[in-house]
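Asker: Have a look at this one before I ask anything.
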Amino acid sequence: MINYNNPKLRVLNCTHADMDGAGASIVLKNFYEDVTVVPVTYNTEWKLIDEIRQYEGKYDAIICTDFYPAQTINDLRKLSTTLVLDHHESVADKNNDTDIIINTLYSGTKLAYKFISKFKDVSYLEKLVDIIDDYDMFRLKIPASVYFNNLFWEMGHKWFIRRFITGNTVMYPEEKRYFIDAKKEFDKMYETLEIVDLAHNGVYFQTDRFHYECIEALKKDGYKWFVIKNKSNLSVRCDDIDLTEICKKLGKGGGHRTACGIPLQKSDNVVELIKKIELFVDSDYNNLDITNS
């Protein structure tokens with residue numbers, strides 16, 4: 001039986017490769033003295049077991065944060081005691097034993113924060129945790145949360161952990177200049193953004209940056225739901241319908257009710273996949289119209 005209230009515990013942290021996953025790693029690193037971070041996406045999980053074999057004998061437990069290892073949970077348990085701390089609605093039904101904690105009320109970072117707070121006072125991380133939670137849970141009541149997310153994607157996972165490991169959220173002058181330059185870059189990019197209209201005021205576009213800014217600008221033009229393609233997945237956003245149900249119908253992807261990610265394989269026909277998403281969303285909107293009439 002693993003005692004998680006032991007700062008000497010050597011932890012292999014498999015965490016989602018986004019700002020929320022990095023924030024969860026920061027929380028763990030503020031309690032455990034030896035944490036090896038392995039970023040993972042739902043598109044790369046199939047490589048996870050081979051990747052962590054290189055750390056054999058160097059950890060006492062595996063902690064998955066902001067990530068439920070649906071493909072590899074049994075293999076991870078064969079390697080070591082495994083704890084899962086996740087918050088996505090698409091895996092809420094997996095909350096069935098003491099080693100799998102799913103809480104959809106918080107981001108992965110805040111869930112890790114509440115877990116570690118049982119063992120140590122880490123309240124000095126609270127402001128950072130709230131910023132990350134605000135963005136990842138799409139509350140967007142803290143203006144800085146969008147900038148922090150942009151900074152994460154600009155500078156990378158490892159940099160973000162090193163930069164904010166102490167919980168200091170004060171922006172350096174060069175970071176403030178980055179935000180100013182990024183705003184100018186977005187304005188220029190948005191002028192030439194190519195979009196495709198979808199049913200029920202939906203829109204499809206492709207970009208690896210400025211997802212939030214694009215969505216907010218398109219909302220002003222009357223669009224209500226969004227499909228964004230980046231290098232490795234489709235991201236879908238909609239406030240009106242349960243997107244986790246769309247993922248179930250597709251048989252792939254997952255996330256939250258209002259935002260989900262669908263990993264792309266080389267064999268995927270993206271055009272056909274978008275058509276399927278559009279059909280499912282169209283059906284759900286039609287059902288909403290009938291219910292509300």
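Chain identifiers are assigned as A, B, and so on, following the order in which chains appear in the structure tokens; residues are numbered from 1 within each chain, and ligands are numbered from 1 in order of appearance.
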Find the residues near region 42-52 of chain A: any atom within 10 Å, counting only C-alpha atoms, skip ones fewer than 3 places away on the same chain, and give them as an mmCIF file with N, CA and C atoms, in the first residue's frame.
Answerer:
data_model
loop_
_atom_site.group_PDB
_atom_site.id
_atom_site.type_symbol
_atom_site.label_atom_id
_atom_site.label_comp_id
_atom_site.auth_asym_id
_atom_site.auth_seq_id
_atom_site.Cartn_x
_atom_site.Cartn_y
_atom_site.Cartn_z
ATOM 1 N N LEU A 12 6.409 9.073 -10.857
ATOM 2 C CA LEU A 12 6.389 9.228 -12.311
ATOM 3 C C LEU A 12 5.042 9.850 -12.652
ATOM 4 N N CYS A 14 2.510 11.067 -15.237
ATOM 5 C CA CYS A 14 1.998 11.096 -16.607
ATOM 6 C C CYS A 14 0.893 12.152 -16.645
ATOM 7 N N HIS A 16 -1.322 15.440 -18.803
ATOM 8 C CA HIS A 16 -1.782 15.955 -20.091
ATOM 9 C C HIS A 16 -0.851 17.052 -20.582
ATOM 10 N N ALA A 17 -0.544 17.025 -21.874
ATOM 11 C CA ALA A 17 0.420 17.967 -22.448
ATOM 12 C C ALA A 17 -0.252 19.294 -22.792
ATOM 13 N N THR A 36 9.268 12.813 -11.934
ATOM 14 C CA THR A 36 9.617 12.747 -13.348
ATOM 15 C C THR A 36 8.350 12.966 -14.154
ATOM 16 N N VAL A 38 6.107 13.094 -17.512
ATOM 17 C CA VAL A 38 5.973 12.530 -18.856
ATOM 18 C C VAL A 38 4.690 13.107 -19.473
ATOM 19 N N PRO A 39 4.795 14.133 -20.326
ATOM 20 C CA PRO A 39 3.599 14.683 -20.969
ATOM 21 C C PRO A 39 3.008 13.678 -21.958
ATOM 22 N N TYR A 55 12.364 4.532 -17.385
ATOM 23 C CA TYR A 55 12.462 4.982 -15.996
ATOM 24 C C TYR A 55 12.316 3.821 -15.005
ATOM 25 N N GLU A 56 12.376 2.603 -15.494
ATOM 26 C CA GLU A 56 12.214 1.431 -14.627
ATOM 27 C C GLU A 56 13.189 1.485 -13.449
ATOM 28 N N PHE A 67 -5.598 13.527 -16.838
ATOM 29 C CA PHE A 67 -5.497 12.520 -17.893
ATOM 30 C C PHE A 67 -5.932 11.166 -17.353
ATOM 31 N N TYR A 68 -6.913 10.555 -18.016
ATOM 32 C CA TYR A 68 -7.298 9.187 -17.666
ATOM 33 C C TYR A 68 -6.750 8.242 -18.739
ATOM 34 N N PRO A 69 -5.861 7.318 -18.373
ATOM 35 C CA PRO A 69 -5.203 6.453 -19.356
ATOM 36 C C PRO A 69 -6.101 5.289 -19.799
ATOM 37 N N ALA A 70 -7.091 5.616 -20.614
ATOM 38 C CA ALA A 70 -8.087 4.608 -21.004
ATOM 39 C C ALA A 70 -7.462 3.415 -21.712
ATOM 40 N N GLN A 71 -6.453 3.659 -22.545
ATOM 41 C CA GLN A 71 -5.833 2.589 -23.312
ATOM 42 C C GLN A 71 -4.818 1.789 -22.493
ATOM 43 N N THR A 72 -4.243 2.420 -21.475
ATOM 44 C CA THR A 72 -3.066 1.831 -20.832
ATOM 45 C C THR A 72 -3.200 1.595 -19.332
ATOM 46 N N ILE A 73 -4.385 1.833 -18.743
ATOM 47 C CA ILE A 73 -4.519 1.751 -17.291
ATOM 48 C C ILE A 73 -4.078 0.397 -16.748
ATOM 49 N N ASP A 75 -1.960 -1.771 -18.079
ATOM 50 C CA ASP A 75 -0.510 -1.923 -18.238
ATOM 51 C C ASP A 75 0.244 -1.072 -17.230
ATOM 52 N N LEU A 76 -0.257 0.119 -16.947
ATOM 53 C CA LEU A 76 0.379 0.970 -15.948
ATOM 54 C C LEU A 76 0.337 0.304 -14.574
ATOM 55 N N LEU A 79 2.983 -2.144 -14.055
ATOM 56 C CA LEU A 79 4.307 -1.560 -13.831
ATOM 57 C C LEU A 79 4.468 -1.043 -12.409
ATOM 58 N N SER A 232 -2.585 17.983 -34.646
ATOM 59 C CA SER A 232 -2.831 16.606 -34.231
ATOM 60 C C SER A 232 -4.261 16.272 -33.860
ATOM 61 N N ASN A 233 -5.153 17.282 -33.814
ATOM 62 C CA ASN A 233 -6.515 16.963 -33.406
ATOM 63 C C ASN A 233 -7.510 18.016 -33.853
ATOM 64 N N LYS A 252 -14.557 8.295 -30.582
ATOM 65 C CA LYS A 252 -13.198 8.782 -30.325
ATOM 66 C C LYS A 252 -13.266 10.172 -29.702
ATOM 67 N N GLY A 253 -12.193 10.517 -29.009
ATOM 68 C CA GLY A 253 -12.104 11.825 -28.390
ATOM 69 C C GLY A 253 -12.763 11.870 -27.022
ATOM 70 N N GLY A 254 -12.693 13.042 -26.390
ATOM 71 C CA GLY A 254 -13.278 13.218 -25.073
ATOM 72 C C GLY A 254 -12.962 14.593 -24.540
ATOM 73 N N GLY A 261 -11.774 17.320 -27.390
ATOM 74 C CA GLY A 261 -10.718 17.128 -28.359
ATOM 75 C C GLY A 261 -10.879 15.782 -29.040
ATOM 76 N N ILE A 262 -10.638 15.756 -30.330
ATOM 77 C CA ILE A 262 -10.744 14.520 -31.104
ATOM 78 C C ILE A 262 -9.408 14.281 -31.789
ATOM 79 N N PRO A 263 -8.639 13.294 -31.316
ATOM 80 C CA PRO A 263 -7.322 13.047 -31.915
ATOM 81 C C PRO A 263 -7.439 12.586 -33.355
ATOM 82 N N LEU A 264 -6.495 13.025 -34.166
ATOM 83 C CA LEU A 264 -6.492 12.671 -35.584
ATOM 84 C C LEU A 264 -5.391 11.670 -35.893
ATOM 85 N N GLN A 265 -5.734 10.670 -36.664
ATOM 86 C CA GLN A 265 -4.763 9.702 -37.173
ATOM 87 C C GLN A 265 -4.510 10.000 -38.648
#
Asker: Just want the 12 Å neighbourhood of Thr98 (chain A), counted on only C-alpha atoms, with same-chain residues fewer than 5 positions away dropped. Output as a PyMOL selection string.
Answerer: chain A and resi 1-2+81-85
Asker: Might you pull out every residue within 12 Å of region 176-179 of chain A, with only C-alpha atoms counted and same-chain residues fewer than 2 positions away left off, and present them as a list in words?
Answerer: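 Close residues of region 176-179 of chain A: Ala144, Val146, Tyr147, Phe148, Asn149, Asn150, Leu151, Glu154, Met155, Val170, Met171, Tyr172, Pro173, Glu174, Asp181, Ala182, Lys183, Lys184, Glu185, Phe186 and Phe210 of chain A.
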Asker: Go through region 12-237 of chain A and collect every residue that DSSP, computed from the backbone, puts in helix (DSSP H, G or I); the answer should be as a PyMOL selection string.
Answerer: chain A and resi 19-29+45-55+73-79+89-94+108-116+123-136+144-155+157-164+173-191+211-219
Asker: Give me, as a PyMOL selection string, all polymer residues having an atom no more than 7 Å from region 242-248 of chain A, counting only C-alpha atoms and skipping those fewer than 2 positions away in the same chain.
Answerer: chain A and resi 90+250-260+280
Asker: So how many Å separate CA of Ile241 (chain A) and CA of Asn201 (chain A), to one decimal?
Answerer: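 Separating CA of Ile241 (chain A) from CA of Asn201 (chain A) is a distance of 13.5 Å.
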Asker: Among region 82-251 of chain A, which residues carry a DSSP assignment of strand (DSSP E), reported as a list of chain:residue names?
Answerer: A:Thr82, A:Leu83, A:Val84, A:Leu85, A:Asp86, A:Ile100, A:Ile101, A:Ile102, A:Ile195, A:Val196, A:Asp197, A:Leu198, A:Gly202, A:Val203, A:Tyr204, A:Phe205, A:Gln206, A:Trp225, A:Phe226, A:Val227, A:Ile228, A:Lys229, A:Asn233, A:Leu234, A:Ser235, A:Val236, A:Arg237, A:Cys238
Asker: Please dump the current selection as an mmCIF file, in the first residue's frame; keep N, CA and C atoms.
Answerer:
data_model
loop_
_atom_site.group_PDB
_atom_site.id
_atom_site.type_symbol
_atom_site.label_atom_id
_atom_site.label_comp_id
_atom_site.auth_asym_id
_atom_site.auth_seq_id
_atom_site.Cartn_x
_atom_site.Cartn_y
_atom_site.Cartn_z
ATOM 1 N N THR A 82 -0.745 2.826 -9.358
ATOM 2 C CA THR A 82 -1.113 3.948 -10.216
ATOM 3 C C THR A 82 -2.305 4.701 -9.638
ATOM 4 N N LEU A 83 -2.135 6.013 -9.496
ATOM 5 C CA LEU A 83 -3.203 6.896 -9.037
ATOM 6 C C LEU A 83 -3.604 7.806 -10.194
ATOM 7 N N VAL A 84 -4.915 7.961 -10.407
ATOM 8 C CA VAL A 84 -5.422 8.835 -11.464
ATOM 9 C C VAL A 84 -6.182 10.003 -10.835
ATOM 10 N N LEU A 85 -5.793 11.221 -11.206
ATOM 11 C CA LEU A 85 -6.489 12.441 -10.795
ATOM 12 C C LEU A 85 -6.937 13.162 -12.055
ATOM 13 N N ASP A 86 -8.212 13.035 -12.404
ATOM 14 C CA ASP A 86 -8.687 13.612 -13.660
ATOM 15 C C ASP A 86 -10.021 14.320 -13.437
ATOM 16 N N ILE A 100 -8.662 5.905 -8.477
ATOM 17 C CA ILE A 100 -9.135 6.702 -9.606
ATOM 18 C C ILE A 100 -10.063 7.775 -9.050
ATOM 19 N N ILE A 101 -9.600 9.027 -9.086
ATOM 20 C CA ILE A 101 -10.369 10.147 -8.553
ATOM 21 C C ILE A 101 -10.748 11.057 -9.707
ATOM 22 N N ILE A 102 -12.038 11.081 -10.043
ATOM 23 C CA ILE A 102 -12.544 11.946 -11.103
ATOM 24 C C ILE A 102 -13.464 12.978 -10.465
ATOM 25 N N ILE A 195 -12.378 30.532 -43.104
ATOM 26 C CA ILE A 195 -13.395 29.835 -42.336
ATOM 27 C C ILE A 195 -14.383 29.147 -43.271
ATOM 28 N N VAL A 196 -15.019 28.110 -42.751
ATOM 29 C CA VAL A 196 -16.067 27.393 -43.477
ATOM 30 C C VAL A 196 -17.304 27.376 -42.584
ATOM 31 N N ASP A 197 -18.422 27.851 -43.097
ATOM 32 C CA ASP A 197 -19.661 27.867 -42.323
ATOM 33 C C ASP A 197 -20.212 26.455 -42.160
ATOM 34 N N LEU A 198 -20.752 26.178 -40.975
ATOM 35 C CA LEU A 198 -21.386 24.905 -40.677
ATOM 36 C C LEU A 198 -22.831 25.159 -40.240
ATOM 37 N N GLY A 202 -22.463 27.353 -37.032
ATOM 38 C CA GLY A 202 -21.164 26.789 -36.689
ATOM 39 C C GLY A 202 -20.108 27.253 -37.670
ATOM 40 N N VAL A 203 -18.853 27.071 -37.305
ATOM 41 C CA VAL A 203 -17.764 27.494 -38.182
ATOM 42 C C VAL A 203 -16.553 26.585 -37.973
ATOM 43 N N TYR A 204 -15.879 26.305 -39.065
ATOM 44 C CA TYR A 204 -14.636 25.510 -39.032
ATOM 45 C C TYR A 204 -13.486 26.390 -39.474
ATOM 46 N N PHE A 205 -12.354 26.278 -38.763
ATOM 47 C CA PHE A 205 -11.137 26.954 -39.206
ATOM 48 C C PHE A 205 -9.925 26.169 -38.730
ATOM 49 N N GLN A 206 -8.790 26.498 -39.271
ATOM 50 C CA GLN A 206 -7.564 25.774 -38.968
ATOM 51 C C GLN A 206 -6.492 26.738 -38.478
ATOM 52 N N TRP A 225 -20.901 27.759 -32.501
ATOM 53 C CA TRP A 225 -20.076 26.592 -32.174
ATOM 54 C C TRP A 225 -18.938 26.476 -33.186
ATOM 55 N N PHE A 226 -17.873 25.786 -32.769
ATOM 56 C CA PHE A 226 -16.610 25.920 -33.476
ATOM 57 C C PHE A 226 -15.887 24.580 -33.589
ATOM 58 N N VAL A 227 -15.323 24.330 -34.752
ATOM 59 C CA VAL A 227 -14.430 23.190 -34.958
ATOM 60 C C VAL A 227 -13.093 23.748 -35.408
ATOM 61 N N ILE A 228 -12.045 23.465 -34.644
ATOM 62 C CA ILE A 228 -10.714 23.992 -34.943
ATOM 63 C C ILE A 228 -9.765 22.828 -35.197
ATOM 64 N N LYS A 229 -9.080 22.864 -36.306
ATOM 65 C CA LYS A 229 -8.078 21.838 -36.605
ATOM 66 C C LYS A 229 -6.692 22.386 -36.339
ATOM 67 N N ASN A 233 -5.153 17.282 -33.814
ATOM 68 C CA ASN A 233 -6.515 16.963 -33.406
ATOM 69 C C ASN A 233 -7.510 18.016 -33.853
ATOM 70 N N LEU A 234 -8.773 17.667 -33.700
ATOM 71 C CA LEU A 234 -9.848 18.635 -33.856
ATOM 72 C C LEU A 234 -10.298 19.049 -32.473
ATOM 73 N N SER A 235 -10.497 20.327 -32.273
ATOM 74 C CA SER A 235 -11.034 20.843 -31.027
ATOM 75 C C SER A 235 -12.424 21.389 -31.320
ATOM 76 N N VAL A 236 -13.410 20.977 -30.516
ATOM 77 C CA VAL A 236 -14.784 21.406 -30.734
ATOM 78 C C VAL A 236 -15.248 22.195 -29.510
ATOM 79 N N ARG A 237 -15.889 23.323 -29.750
ATOM 80 C CA ARG A 237 -16.394 24.182 -28.673
ATOM 81 C C ARG A 237 -17.861 24.509 -28.924
ATOM 82 N N CYS A 238 -18.685 24.349 -27.901
ATOM 83 C CA CYS A 238 -20.098 24.706 -27.998
ATOM 84 C C CYS A 238 -20.688 24.789 -26.595
#
Asker: What does the distance from CA of Asp136 (chain A) to CA of Ser107 (chain A) come to in Å, to one decimal?
Answerer: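 CA of Asp136 (chain A) sits 6.2 Å away from CA of Ser107 (chain A).
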Asker: Would you please work out which residue, of A:Leu193, A:Ile132, A:Ile274, A:Val35, is nearest to Leu218 (chain A) when using only C-alpha atoms?
Answerer: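 Looking at the shortest contact to Leu218 (chain A), the residue is A:Leu193.
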